[in-house]
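What follows is query_9.cif (mmCIF, C-alpha atoms).
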data_entry
#
loop_
_atom_site.label_atom_id
_atom_site.label_comp_id
_atom_site.auth_asym_id
_atom_site.auth_seq_id
_atom_site.Cartn_x
_atom_site.Cartn_y
_atom_site.Cartn_z
CA MET A 1 -65.69 -13.61 34.66
CA ASP A 2 -64.53 -10.38 36.18
CA THR A 3 -60.88 -9.97 37.06
CA ILE A 4 -60.49 -9.30 40.75
CA ILE A 5 -59.22 -5.86 41.71
CA ASN A 6 -56.70 -6.61 44.46
CA GLU A 7 -55.81 -4.69 47.56
CA PRO A 8 -52.33 -3.17 47.24
CA LYS A 9 -49.59 -5.29 48.82
CA ARG A 10 -47.97 -2.31 50.53
CA VAL A 11 -48.92 0.91 52.24
CA PHE A 12 -47.13 4.25 52.53
CA ARG A 13 -48.98 6.66 54.72
CA ASP A 14 -47.40 9.53 56.67
CA ASP A 15 -44.03 8.08 57.69
CA HIS A 16 -45.17 4.46 57.66
CA LEU A 17 -44.06 2.12 54.87
CA GLY A 18 -45.22 -1.45 55.34
CA GLY A 19 -46.36 -4.66 53.74
CA GLU A 20 -44.89 -7.52 51.76
CA GLY A 21 -41.12 -7.46 51.36
CA VAL A 22 -40.50 -4.27 53.31
CA ASP A 23 -37.27 -4.27 55.38
CA LYS A 24 -36.31 -2.32 58.46
CA SER A 25 -32.82 -1.54 59.68
CA ILE A 26 -31.77 0.44 62.72
CA ARG A 27 -28.69 2.45 63.65
CA LYS A 28 -27.76 2.77 67.27
CA LEU A 29 -25.20 5.17 68.66
CA LYS A 30 -22.66 2.32 68.76
CA ASP A 31 -23.06 1.91 64.99
CA LEU A 32 -22.09 5.55 64.47
CA ARG A 33 -18.76 5.63 66.28
CA GLY A 34 -16.45 8.24 64.78
CA ILE A 35 -18.98 10.39 62.99
CA PHE A 36 -19.51 12.90 65.82
CA LYS A 37 -16.78 15.36 66.74
CA ASP A 38 -17.08 15.21 70.53
CA GLU A 39 -15.70 11.76 71.35
CA ARG A 40 -15.90 12.27 75.09
CA ALA A 41 -19.59 13.15 74.95
CA PHE A 42 -20.08 10.11 72.72
CA GLU A 43 -18.40 7.77 75.21
CA ASN A 44 -20.57 9.09 78.04
CA MET A 45 -23.79 8.17 76.22
CA ASP A 46 -25.61 4.83 76.14
CA PRO A 47 -24.28 3.00 73.06
CA GLU A 48 -27.69 1.30 72.68
CA THR A 49 -29.40 4.66 72.05
CA LEU A 50 -31.45 4.43 68.87
CA VAL A 51 -30.39 7.18 66.47
CA TYR A 52 -32.28 6.35 63.29
CA GLU A 53 -34.14 3.65 61.44
CA VAL A 54 -34.69 3.02 57.76
CA ILE A 55 -37.72 1.22 56.36
CA SER A 56 -37.13 0.30 52.75
CA TYR A 57 -38.63 -1.56 49.86
CA LEU A 58 -35.94 -2.86 47.53
CA PRO A 59 -37.83 -5.03 45.05
CA VAL A 60 -34.90 -5.81 42.78
CA LYS A 61 -31.41 -7.03 43.60
CA GLU A 62 -28.94 -4.33 44.68
CA GLY A 63 -26.93 -3.29 41.67
CA THR A 64 -29.69 -3.91 39.15
CA GLN A 65 -29.53 -1.29 36.43
CA GLY A 66 -32.75 0.59 35.80
CA GLY A 67 -34.64 -0.30 38.97
CA VAL A 68 -35.76 2.13 41.66
CA TYR A 69 -35.68 1.81 45.43
CA PHE A 70 -37.88 3.47 48.03
CA GLY A 71 -37.32 4.13 51.72
CA VAL A 72 -38.40 6.10 54.77
CA THR A 73 -35.78 7.22 57.28
CA SER A 74 -36.69 8.39 60.77
CA ILE A 75 -34.08 10.12 62.92
CA PHE A 76 -34.71 10.51 66.62
CA PRO A 77 -34.13 13.87 68.30
CA GLY A 78 -30.87 14.17 70.18
CA SER A 79 -27.29 15.30 69.97
CA VAL A 80 -23.75 14.32 70.86
CA GLY A 81 -21.96 17.27 72.44
CA GLY A 82 -24.27 19.70 70.63
CA GLU A 83 -23.94 17.94 67.25
CA TYR A 84 -27.37 16.80 66.11
CA PHE A 85 -28.23 13.15 65.61
CA MET A 86 -27.63 12.42 61.94
CA THR A 87 -27.25 9.71 59.35
CA LYS A 88 -23.82 8.31 58.49
CA GLY A 89 -23.89 10.04 55.13
CA HIS A 90 -22.58 8.67 51.88
CA PHE A 91 -21.69 9.18 48.28
CA HIS A 92 -23.25 6.65 45.95
CA ALA A 93 -20.93 3.79 45.01
CA MET A 94 -21.86 4.56 41.40
CA ILE A 95 -21.08 8.16 42.09
CA ASP A 96 -23.20 9.77 39.35
CA ARG A 97 -26.48 8.28 40.65
CA THR A 98 -29.09 10.80 41.80
CA GLU A 99 -31.76 10.67 44.52
CA PHE A 100 -34.87 12.40 45.83
CA TYR A 101 -35.58 13.10 49.49
CA TRP A 102 -38.77 14.67 50.79
CA GLY A 103 -39.68 15.69 54.31
CA ILE A 104 -42.67 14.06 55.99
CA LYS A 105 -42.46 14.86 59.69
CA GLY A 106 -40.30 16.97 61.99
CA GLU A 107 -37.50 19.40 61.21
CA GLY A 108 -33.99 18.87 60.02
CA VAL A 109 -31.26 19.75 57.62
CA LEU A 110 -30.00 17.96 54.51
CA ILE A 111 -26.24 18.43 54.32
CA LEU A 112 -24.65 18.07 50.89
CA MET A 113 -20.99 17.92 49.88
CA ASP A 114 -19.44 17.64 46.45
CA GLU A 115 -16.18 15.90 45.54
CA GLN A 116 -14.27 19.17 46.09
CA ARG A 117 -15.62 19.05 49.68
CA ARG A 118 -17.80 22.13 49.18
CA VAL A 119 -20.71 21.89 51.61
CA TRP A 120 -24.21 23.35 51.36
CA ALA A 121 -27.46 22.56 53.11
CA GLU A 122 -31.24 22.67 52.78
CA LYS A 123 -33.92 22.84 55.45
CA MET A 124 -36.14 19.77 55.73
CA PHE A 125 -39.72 19.90 56.99
CA PRO A 126 -43.05 18.37 56.02
CA GLY A 127 -43.44 19.22 52.34
CA SER A 128 -39.80 20.04 51.60
CA PHE A 129 -38.56 18.32 48.44
CA HIS A 130 -34.91 17.75 47.66
CA TYR A 131 -32.98 16.67 44.62
CA ILE A 132 -29.55 15.19 45.26
CA PRO A 133 -27.50 15.39 42.06
CA GLY A 134 -24.91 12.80 41.19
CA ARG A 135 -21.42 13.13 42.73
CA VAL A 136 -22.84 14.72 45.90
CA ALA A 137 -22.58 13.14 49.35
CA HIS A 138 -25.68 13.50 51.50
CA ARG A 139 -26.47 13.31 55.21
CA VAL A 140 -29.50 14.37 57.23
CA ALA A 141 -29.55 15.75 60.78
CA ASN A 142 -32.57 16.11 63.05
CA THR A 143 -32.53 19.66 64.42
CA GLY A 144 -35.93 19.45 66.12
CA LYS A 145 -37.36 18.09 69.32
CA GLU A 146 -39.49 15.44 67.60
CA LEU A 147 -38.83 12.57 65.23
CA LEU A 148 -37.66 13.66 61.77
CA SER A 149 -38.97 11.45 58.95
CA PHE A 150 -38.28 11.72 55.26
CA ALA A 151 -38.82 9.51 52.25
CA ALA A 152 -36.34 8.75 49.50
CA SER A 153 -36.26 7.24 46.05
CA TRP A 154 -33.02 6.30 44.33
CA PRO A 155 -31.71 3.98 41.59
CA SER A 156 -31.16 0.34 42.48
CA ASP A 157 -27.63 0.42 41.08
CA ALA A 158 -26.55 3.48 43.11
CA GLY A 159 -25.07 1.58 46.05
CA HIS A 160 -23.53 3.28 49.07
CA ASN A 161 -19.98 4.47 49.56
CA TYR A 162 -19.87 5.02 53.32
CA GLU A 163 -16.09 4.65 53.49
CA GLU A 164 -15.16 8.07 52.12
CA ILE A 165 -17.31 9.81 54.73
CA ALA A 166 -16.22 7.46 57.52
CA ARG A 167 -12.60 8.33 56.71
CA ASN A 168 -12.81 12.06 55.98
CA GLY A 169 -16.22 13.14 57.22
CA PHE A 170 -18.04 16.13 55.83
CA ALA A 171 -16.14 19.42 55.63
CA LYS A 172 -18.70 21.05 57.96
CA ARG A 173 -20.69 19.93 60.97
CA LEU A 174 -24.19 20.90 62.08
CA ILE A 175 -23.97 22.11 65.66
CA ASP A 176 -26.50 23.57 68.07
CA ILE A 177 -25.05 26.97 69.02
CA ASN A 178 -27.24 28.75 71.54
CA GLY A 179 -30.28 26.93 70.15
CA VAL A 180 -29.49 27.72 66.51
CA ALA A 181 -28.52 25.00 64.03
CA SER A 182 -25.22 26.23 62.62
CA LEU A 183 -23.22 24.61 59.86
CA ILE A 184 -19.60 25.31 60.76
CA MET B 1 -18.51 32.47 58.83
CA ASP B 2 -21.48 30.17 59.01
CA THR B 3 -22.69 28.44 55.88
CA ILE B 4 -26.26 29.45 55.14
CA ILE B 5 -28.87 26.74 55.46
CA ASN B 6 -31.08 27.32 52.43
CA GLU B 7 -34.77 26.90 51.96
CA PRO B 8 -35.52 23.92 49.71
CA LYS B 9 -36.05 24.86 46.06
CA ARG B 10 -39.13 22.66 45.72
CA VAL B 11 -42.13 21.54 47.72
CA PHE B 12 -44.14 18.34 47.65
CA ARG B 13 -47.12 18.50 49.97
CA ASP B 14 -50.31 16.50 49.57
CA ASP B 15 -50.77 16.39 45.79
CA HIS B 16 -48.87 19.58 45.12
CA LEU B 17 -45.38 19.49 43.59
CA GLY B 18 -43.94 22.89 42.85
CA GLY B 19 -40.89 25.10 42.64
CA GLU B 20 -37.87 25.54 40.42
CA GLY B 21 -37.84 23.45 37.24
CA VAL B 22 -41.16 21.71 37.83
CA ASP B 23 -43.19 21.07 34.66
CA LYS B 24 -46.91 20.59 34.15
CA SER B 25 -48.62 18.86 31.25
CA ILE B 26 -52.31 18.29 30.70
CA ARG B 27 -54.33 15.72 28.80
CA LYS B 28 -57.72 16.70 27.46
CA LEU B 29 -60.30 14.30 26.08
CA LYS B 30 -59.18 15.19 22.54
CA ASP B 31 -55.68 13.94 23.41
CA LEU B 32 -57.10 10.55 24.35
CA ARG B 33 -58.98 9.69 21.17
CA GLY B 34 -59.13 5.94 20.65
CA ILE B 35 -58.44 4.76 24.20
CA PHE B 36 -62.10 4.49 25.27
CA LYS B 37 -64.33 1.77 23.88
CA ASP B 38 -67.51 3.78 23.38
CA GLU B 39 -66.62 6.02 20.42
CA ARG B 40 -70.10 7.46 20.13
CA ALA B 41 -70.13 8.57 23.76
CA PHE B 42 -66.65 10.04 23.20
CA GLU B 43 -67.79 12.08 20.19
CA ASN B 44 -70.72 13.48 22.16
CA MET B 45 -68.45 14.90 24.87
CA ASP B 46 -66.59 18.22 24.89
CA PRO B 47 -63.12 17.48 23.47
CA GLU B 48 -61.70 20.23 25.70
CA THR B 49 -62.67 18.32 28.85
CA LEU B 50 -59.63 18.04 31.11
CA VAL B 51 -58.99 14.37 31.92
CA TYR B 52 -55.67 14.47 33.77
CA GLU B 53 -52.59 16.50 34.47
CA VAL B 54 -49.05 15.53 35.34
CA ILE B 55 -46.71 17.70 37.40
CA SER B 56 -43.18 16.42 37.14
CA TYR B 57 -39.65 17.18 38.11
CA LEU B 58 -37.19 15.74 35.61
CA PRO B 59 -33.83 17.13 36.70
CA VAL B 60 -31.70 15.19 34.23
CA LYS B 61 -32.07 14.75 30.48
CA GLU B 62 -34.54 12.06 29.40
CA GLY B 63 -32.61 8.90 28.69
CA THR B 64 -29.91 9.55 31.27
CA GLN B 65 -28.86 6.28 32.86
CA GLY B 66 -28.98 6.21 36.64
CA GLY B 67 -31.16 9.25 37.26
CA VAL B 68 -34.60 9.25 38.85
CA TYR B 69 -37.70 11.20 37.93
CA PHE B 70 -40.61 12.27 40.12
CA GLY B 71 -44.18 13.21 39.26
CA VAL B 72 -47.69 13.72 40.54
CA THR B 73 -50.63 12.76 38.32
CA SER B 74 -54.17 13.98 39.01
CA ILE B 75 -57.08 12.40 37.15
CA PHE B 76 -60.43 14.15 37.18
CA PRO B 77 -63.58 12.15 37.92
CA GLY B 78 -65.61 11.19 34.89
CA SER B 79 -66.27 8.48 32.36
CA VAL B 80 -66.84 7.87 28.67
CA GLY B 81 -69.81 5.56 28.19
CA GLY B 82 -69.24 4.08 31.65
CA GLU B 83 -65.47 3.64 31.18
CA TYR B 84 -63.66 5.64 33.84
CA PHE B 85 -61.36 8.53 32.97
CA MET B 86 -57.87 7.06 32.80
CA THR B 87 -54.30 7.67 31.69
CA LYS B 88 -53.13 6.62 28.25
CA GLY B 89 -51.09 3.81 29.72
CA HIS B 90 -47.68 2.68 28.55
CA PHE B 91 -44.89 0.20 28.70
CA HIS B 92 -41.50 1.75 29.31
CA ALA B 93 -39.46 2.27 26.15
CA MET B 94 -36.63 0.49 27.99
CA ILE B 95 -39.07 -2.22 28.86
CA ASP B 96 -37.33 -3.64 31.95
CA ARG B 97 -37.47 -0.30 33.84
CA THR B 98 -39.51 -0.35 37.07
CA GLU B 99 -41.59 2.32 38.80
CA PHE B 100 -43.33 3.19 42.08
CA TYR B 101 -46.79 4.72 42.34
CA TRP B 102 -48.46 5.75 45.57
CA GLY B 103 -51.92 7.08 46.19
CA ILE B 104 -52.36 10.54 47.71
CA LYS B 105 -55.97 11.55 47.21
CA GLY B 106 -59.16 9.98 45.87
CA GLU B 107 -59.91 6.45 44.72
CA GLY B 108 -58.88 4.57 41.65
CA VAL B 109 -57.45 1.45 40.15
CA LEU B 110 -53.97 0.72 38.81
CA ILE B 111 -54.34 -1.57 35.80
CA LEU B 112 -51.31 -3.67 34.89
CA MET B 113 -50.65 -5.83 31.85
CA ASP B 114 -47.67 -8.00 31.00
CA GLU B 115 -46.27 -8.74 27.55
CA GLN B 116 -48.50 -11.84 27.32
CA ARG B 117 -51.43 -9.42 27.75
CA ARG B 118 -52.36 -10.84 31.15
CA VAL B 119 -54.11 -8.10 33.12
CA TRP B 120 -54.36 -7.55 36.85
CA ALA B 121 -55.23 -4.58 39.01
CA GLU B 122 -54.71 -2.94 42.40
CA LYS B 123 -56.89 -0.50 44.28
CA MET B 124 -55.44 2.98 44.73
CA PHE B 125 -56.31 5.23 47.65
CA PRO B 126 -54.47 7.58 50.01
CA GLY B 127 -51.67 5.43 51.43
CA SER B 128 -51.72 2.68 48.81
CA PHE B 129 -48.23 1.87 47.53
CA HIS B 130 -47.56 0.11 44.24
CA TYR B 131 -44.54 -1.44 42.62
CA ILE B 132 -44.62 -1.75 38.85
CA PRO B 133 -42.13 -4.40 37.77
CA GLY B 134 -40.29 -4.18 34.48
CA ARG B 135 -42.05 -5.42 31.34
CA VAL B 136 -45.47 -4.43 32.71
CA ALA B 137 -47.70 -1.78 31.11
CA HIS B 138 -49.51 0.49 33.56
CA ARG B 139 -52.54 2.71 33.46
CA VAL B 140 -54.60 4.38 36.20
CA ALA B 141 -58.35 5.01 36.23
CA ASN B 142 -60.27 7.31 38.59
CA THR B 143 -63.20 5.31 39.95
CA GLY B 144 -64.30 7.91 42.48
CA LYS B 145 -66.32 11.10 42.47
CA GLU B 146 -63.35 13.31 43.42
CA LEU B 147 -59.92 14.00 41.97
CA LEU B 148 -57.55 11.02 42.10
CA SER B 149 -53.92 12.00 42.75
CA PHE B 150 -50.90 9.74 42.96
CA ALA B 151 -47.15 10.24 42.98
CA ALA B 152 -44.59 8.31 40.98
CA SER B 153 -40.86 7.77 40.85
CA TRP B 154 -39.16 6.07 37.89
CA PRO B 155 -35.75 5.86 36.22
CA SER B 156 -34.77 8.70 33.89
CA ASP B 157 -33.87 6.24 31.14
CA ALA B 158 -37.22 4.39 31.23
CA GLY B 159 -38.94 6.42 28.53
CA HIS B 160 -42.52 5.80 27.41
CA ASN B 161 -43.81 3.42 24.79
CA TYR B 162 -47.34 4.69 24.28
CA GLU B 163 -47.61 3.18 20.78
CA GLU B 164 -48.17 -0.43 21.81
CA ILE B 165 -51.14 0.57 24.01
CA ALA B 166 -52.48 3.06 21.44
CA ARG B 167 -52.50 0.23 18.88
CA ASN B 168 -53.68 -2.75 20.91
CA GLY B 169 -55.04 -1.29 24.13
CA PHE B 170 -55.16 -3.22 27.36
CA ALA B 171 -56.75 -6.68 27.28
CA LYS B 172 -59.37 -5.55 29.82
CA ARG B 173 -61.28 -2.35 30.46
CA LEU B 174 -62.44 -0.82 33.72
CA ILE B 175 -66.17 -0.16 33.43
CA ASP B 176 -68.78 1.13 35.85
CA ILE B 177 -71.38 -1.66 36.01
CA ASN B 178 -74.27 -0.72 38.26
CA GLY B 179 -71.94 1.48 40.30
CA VAL B 180 -69.23 -1.18 40.68
CA ALA B 181 -65.81 -0.79 39.02
CA SER B 182 -65.46 -3.98 37.00
CA LEU B 183 -62.41 -5.06 35.03
CA ILE B 184 -63.84 -6.93 32.05
#
Spell out the structure here as C-alpha cells.
Amino acid sequence: MDTIINEPKRVFRDDHLGGEGVDKSIRKLKDLRGIFKDERAFENMDPETLVYEVISYLPVKEGTQGGVYFGVTSIFPGSVGGEYFMTKGHFHAMIDRTEFYWGIKGEGVLILMDEQRRVWAEKMFPGSFHYIPGRVAHRVANTGKELLSFAASWPSDAGHNYEEIARNGFAKRLIDINGVASLI
Amino acid sequence: MDTIINEPKRVFRDDHLGGEGVDKSIRKLKDLRGIFKDERAFENMDPETLVYEVISYLPVKEGTQGGVYFGVTSIFPGSVGGEYFMTKGHFHAMIDRTEFYWGIKGEGVLILMDEQRRVWAEKMFPGSFHYIPGRVAHRVANTGKELLSFAASWPSDAGHNYEEIARNGFAKRLIDINGVASLI
C-alpha cells in the first residue's frame, strides 16, 4: 500500500505564517510605555493603538537546547513624537545566542547594540537578510508608510532579556528628521 | 554626528541567498552513487549531471552551541529510473536537533523517517512550511518539471549524519508511477 503524501501542516507565504500550533501576540502602544523618548506625545496618543504583532511557531518548549524557533513580526507605520514605531528590543537571555532576520515587506531599520552600548544599524526591505551575532541587542523600527514585515529564526534556548533595554534603552534613537530616518 | 544606517551585507530574495560569507556547494550525480535504486539507469546517465546545489550562510563554526544556520537548496528536475532527483538525506549528528524547511519554488516532497524506520512525507510547494523534529531523518525530492527550491534554518551544532542513510537508505522510495509520485 502506498504511503500517503500529506499536505503540510503549516504555511509561510509572503508575511503570513499559519497553521497548526502557530501563535500570535500583539503589542499595543500601552505595552510599550517608556521606550519612546517623547513622553508627552506618547500620552496624547490612543493607548490601544496597535504597534506590532508577532506570529510565531515555537514547536519545542522555551529553553530547549538545540531547537529552533520561527516567527514573523509586522510593525505598523507610525511614530511617537517623530520616533518611529519599533519593537521593544532585547538581548537574548542566553546572551551568546544568535538570530537571523530577513525583510519581507515594507521598509525599516534594524538597530543593533553591543554590550559596550555601541550602536549600528542596517536597512531592512524585501530581500534584506540580517545576521544578529551573540551578545548584540536588536530592535526594528518601521520607517515607511506601509506595514513592515520580517521573518526571524532563532534558537529555542535564546530567551529574551527585555529588562536591560527597558531600564537603559538603546544608546541611540531612530528619529524622523525632516523626512529622513536619522539614528541619533 | 549621525550614525550611518548601512546597507545589509546579505540578500535573500526568492531562492537567491547572496552576499558576504555565503557559500555554495553542488552535488552531481556522481556524488550520489548508491542512493537511487536503479543502478543500471544510474550508470547510463552522465555522472556530471547537476542534481542539487546548496547556498548557505554559516556565520559561526560548525558545532557551536546556540547558533543558527541558514541555507537555500535547489534541486533540478530529473529522475533515475523513475526515482526523482533528491538530496542525500541525513539524520543530524546531534540527533535531537530540529530544523525548519519552507518551500520557495517548484514542487516536491519532504520525506521523513524516524529511528524505527517509519516513513512519512509532506508536499512541498511555494508557501509550504515544514518542521523537522529531532531524531527524524529528512530528504527532499523534486517531483516537478521545474527547479525545486526551499530554505532551511537549523542549529549550528546539529551536524549531519549521512552515513546511516548511505548504509541503510530510507525505508521507502519516491517513484514516478504513471506520472504520480508514489512513496513505496
Calculated over all atoms listed in the file, which of the candidates B:Ile95, B:Ile177, B:Leu183, B:Leu50 has the smallest distance to chain A?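 Smallest distance to chain A is found for B:Leu183.
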Could you check which of B:Glu48, B:Asp157, B:Glu62, B:Asp176 is closest to B:Thr98, using all atoms listed in the file?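 Counting all atoms listed in the file, the residue closest to B:Thr98 is B:Asp157.
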For A:Ile5, please output as a PyMOL selection string all residues within 8 Å (counting only C-alpha atoms; exclusion window: fewer than 2 positions along the same chain). (chain A and resi 3+7) or (chain B and resi 109+120-123+183)
Written as a PDB file with C-alpha atoms, in the coordinates of the input, what is the full residue list that the PyMOL selection byres ((chain A) within 7 of (chain B)) yields on the file shown?
ATOM      1  CA  ASP A   2     -64.530 -10.380  36.180  1.00  0.00           C
ATOM      2  CA  THR A   3     -60.880  -9.970  37.060  1.00  0.00           C
ATOM      3  CA  ILE A   5     -59.220  -5.860  41.710  1.00  0.00           C
ATOM      4  CA  ASN A   6     -56.700  -6.610  44.460  1.00  0.00           C
ATOM      5  CA  GLU A   7     -55.810  -4.690  47.560  1.00  0.00           C
ATOM      6  CA  PRO A   8     -52.330  -3.170  47.240  1.00  0.00           C
ATOM      7  CA  ARG A  10     -47.970  -2.310  50.530  1.00  0.00           C
ATOM      8  CA  VAL A  11     -48.920   0.910  52.240  1.00  0.00           C
ATOM      9  CA  PHE A  12     -47.130   4.250  52.530  1.00  0.00           C
ATOM     10  CA  ARG A  13     -48.980   6.660  54.720  1.00  0.00           C
ATOM     11  CA  GLY A  66     -32.750   0.590  35.800  1.00  0.00           C
ATOM     12  CA  GLY A  67     -34.640  -0.300  38.970  1.00  0.00           C
ATOM     13  CA  VAL A  68     -35.760   2.130  41.660  1.00  0.00           C
ATOM     14  CA  ARG A  97     -26.480   8.280  40.650  1.00  0.00           C
ATOM     15  CA  THR A  98     -29.090  10.800  41.800  1.00  0.00           C
ATOM     16  CA  GLU A  99     -31.760  10.670  44.520  1.00  0.00           C
ATOM     17  CA  TRP A 120     -24.210  23.350  51.360  1.00  0.00           C
ATOM     18  CA  ALA A 121     -27.460  22.560  53.110  1.00  0.00           C
ATOM     19  CA  GLU A 122     -31.240  22.670  52.780  1.00  0.00           C
ATOM     20  CA  LYS A 123     -33.920  22.840  55.450  1.00  0.00           C
ATOM     21  CA  GLY A 127     -43.440  19.220  52.340  1.00  0.00           C
ATOM     22  CA  SER A 128     -39.800  20.040  51.600  1.00  0.00           C
ATOM     23  CA  PHE A 129     -38.560  18.320  48.440  1.00  0.00           C
ATOM     24  CA  HIS A 130     -34.910  17.750  47.660  1.00  0.00           C
ATOM     25  CA  SER A 153     -36.260   7.240  46.050  1.00  0.00           C
ATOM     26  CA  TRP A 154     -33.020   6.300  44.330  1.00  0.00           C
ATOM     27  CA  PRO A 155     -31.710   3.980  41.590  1.00  0.00           C
ATOM     28  CA  SER A 182     -25.220  26.230  62.620  1.00  0.00           C
ATOM     29  CA  LEU A 183     -23.220  24.610  59.860  1.00  0.00           C
ATOM     30  CA  ILE A 184     -19.600  25.310  60.760  1.00  0.00           C
TER      31      ILE A 184
END
First collect every listed atom of stretch 158-166 of chain A; then fit an axis-aligned box around them, widen it by 3 Å on each side, and give centre and edge lengths in Å to one decimal, as AutoDock Vina command-line options.
--center_x -20.9 --center_y 5.7 --center_z 50.3 --size_x 17.4 --size_y 14.2 --size_z 20.4
Calculated over only C-alpha atoms, which of the candidates A:Gly106, A:Leu29, A:Thr64, A:Leu112 has the smallest distance to A:Phe85?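 Of A:Gly106, A:Leu29, A:Thr64, A:Leu112, the one nearest A:Phe85, counting only C-alpha atoms, is A:Leu29.
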Computed interatomic separation between atom CA of A:His138 and atom CA of A:Ser74 (Å): 15.3 Å
For the structure provided, state which residues fall under the PyMOL selection byres ((chain A and resi 52) around 9), and present them as a JSON list (two decimals) with C-alpha atoms, keeping the file's coordinate frame.
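Dumped to result.json:
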[["chain", "number", "residue", "atom", "x", "y", "z"],
["A", 25, "SER", "CA", -32.82, -1.54, 59.68],
["A", 26, "ILE", "CA", -31.77, 0.44, 62.72],
["A", 27, "ARG", "CA", -28.69, 2.45, 63.65],
["A", 28, "LYS", "CA", -27.76, 2.77, 67.27],
["A", 29, "LEU", "CA", -25.20, 5.17, 68.66],
["A", 50, "LEU", "CA", -31.45, 4.43, 68.87],
["A", 51, "VAL", "CA", -30.39, 7.18, 66.47],
["A", 53, "GLU", "CA", -34.14, 3.65, 61.44],
["A", 54, "VAL", "CA", -34.69, 3.02, 57.76],
["A", 73, "THR", "CA", -35.78, 7.22, 57.28],
["A", 74, "SER", "CA", -36.69, 8.39, 60.77],
["A", 75, "ILE", "CA", -34.08, 10.12, 62.92],
["A", 76, "PHE", "CA", -34.71, 10.51, 66.62],
["A", 85, "PHE", "CA", -28.23, 13.15, 65.61],
["A", 86, "MET", "CA", -27.63, 12.42, 61.94],
["A", 87, "THR", "CA", -27.25, 9.71, 59.35]]
Can you pull out every residue within 8 Å of A:His90, counting all atoms listed in the file, but drop anything in the same chain fewer than 6 positions away, and send it as a ChimeraX atom specification? /A:137-139,160-165
Determine the residue set returned by the PyMOL selection byres ((chain A and resi 78) around 10) for the present structure, and present it as a VMD selection string. chain A and resid 49 to 51 75 to 77 79 to 86 141 to 147
Atom CA of B:Lys30 to atom CA of B:Lys88: how many Å, to one decimal?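 These atoms are spaced 11.9 Å apart.
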Hey, could you patch up stretch 26-31 of chain A with all heavy atoms and hand it over as a tab-separated table (two decimals), keeping the file's coordinate frame?
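Output (selection_33.tsv):
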chain	number	residue	atom	x	y	z
A	26	ILE	N	-31.93	-0.61	61.71
A	26	ILE	CA	-31.77	0.44	62.72
A	26	ILE	C	-30.29	0.77	62.92
A	26	ILE	O	-29.41	-0.08	62.67
A	26	ILE	CB	-32.40	0.04	64.08
A	26	ILE	CG1	-31.74	-1.22	64.65
A	26	ILE	CG2	-33.90	-0.17	63.94
A	26	ILE	CD1	-32.17	-1.51	66.08
A	27	ARG	N	-30.05	2.01	63.33
A	27	ARG	CA	-28.69	2.45	63.65
A	27	ARG	C	-28.71	2.96	65.07
A	27	ARG	O	-29.40	3.94	65.36
A	27	ARG	CB	-28.24	3.57	62.72
A	27	ARG	CG	-28.29	3.25	61.25
A	27	ARG	CD	-27.15	2.38	60.79
A	27	ARG	NE	-27.09	2.35	59.34
A	27	ARG	CZ	-26.33	1.50	58.66
A	27	ARG	NH1	-25.57	0.61	59.28
A	27	ARG	NH2	-26.32	1.54	57.34
A	28	LYS	N	-27.93	2.30	65.90
A	28	LYS	CA	-27.76	2.77	67.27
A	28	LYS	C	-26.50	3.63	67.36
A	28	LYS	O	-25.67	3.62	66.44
A	28	LYS	CB	-27.66	1.57	68.21
A	28	LYS	CG	-28.95	0.74	68.24
A	28	LYS	CD	-28.80	-0.43	69.19
A	28	LYS	CE	-30.14	-1.16	69.34
A	28	LYS	NZ	-30.02	-2.28	70.31
A	29	LEU	N	-26.37	4.31	68.48
A	29	LEU	CA	-25.20	5.17	68.66
A	29	LEU	C	-23.90	4.38	68.43
A	29	LEU	O	-22.97	4.87	67.79
A	29	LEU	CB	-25.24	5.77	70.07
A	29	LEU	CG	-24.53	7.09	70.28
A	29	LEU	CD1	-24.92	8.15	69.26
A	29	LEU	CD2	-24.77	7.60	71.69
A	30	LYS	N	-23.89	3.13	68.90
A	30	LYS	CA	-22.66	2.32	68.76
A	30	LYS	C	-22.32	2.02	67.30
A	30	LYS	O	-21.18	1.68	66.99
A	30	LYS	CB	-22.81	1.02	69.55
A	30	LYS	CG	-23.86	0.07	69.00
A	30	LYS	CD	-23.99	-1.18	69.87
A	30	LYS	CE	-25.04	-2.12	69.30
A	30	LYS	NZ	-25.28	-3.29	70.18
A	31	ASP	N	-23.31	2.13	66.42
A	31	ASP	CA	-23.06	1.91	64.99
A	31	ASP	C	-22.48	3.16	64.32
A	31	ASP	O	-22.14	3.14	63.14
A	31	ASP	CB	-24.36	1.54	64.27
A	31	ASP	CG	-25.01	0.30	64.85
A	31	ASP	OD1	-24.28	-0.66	65.13
A	31	ASP	OD2	-26.25	0.30	65.02
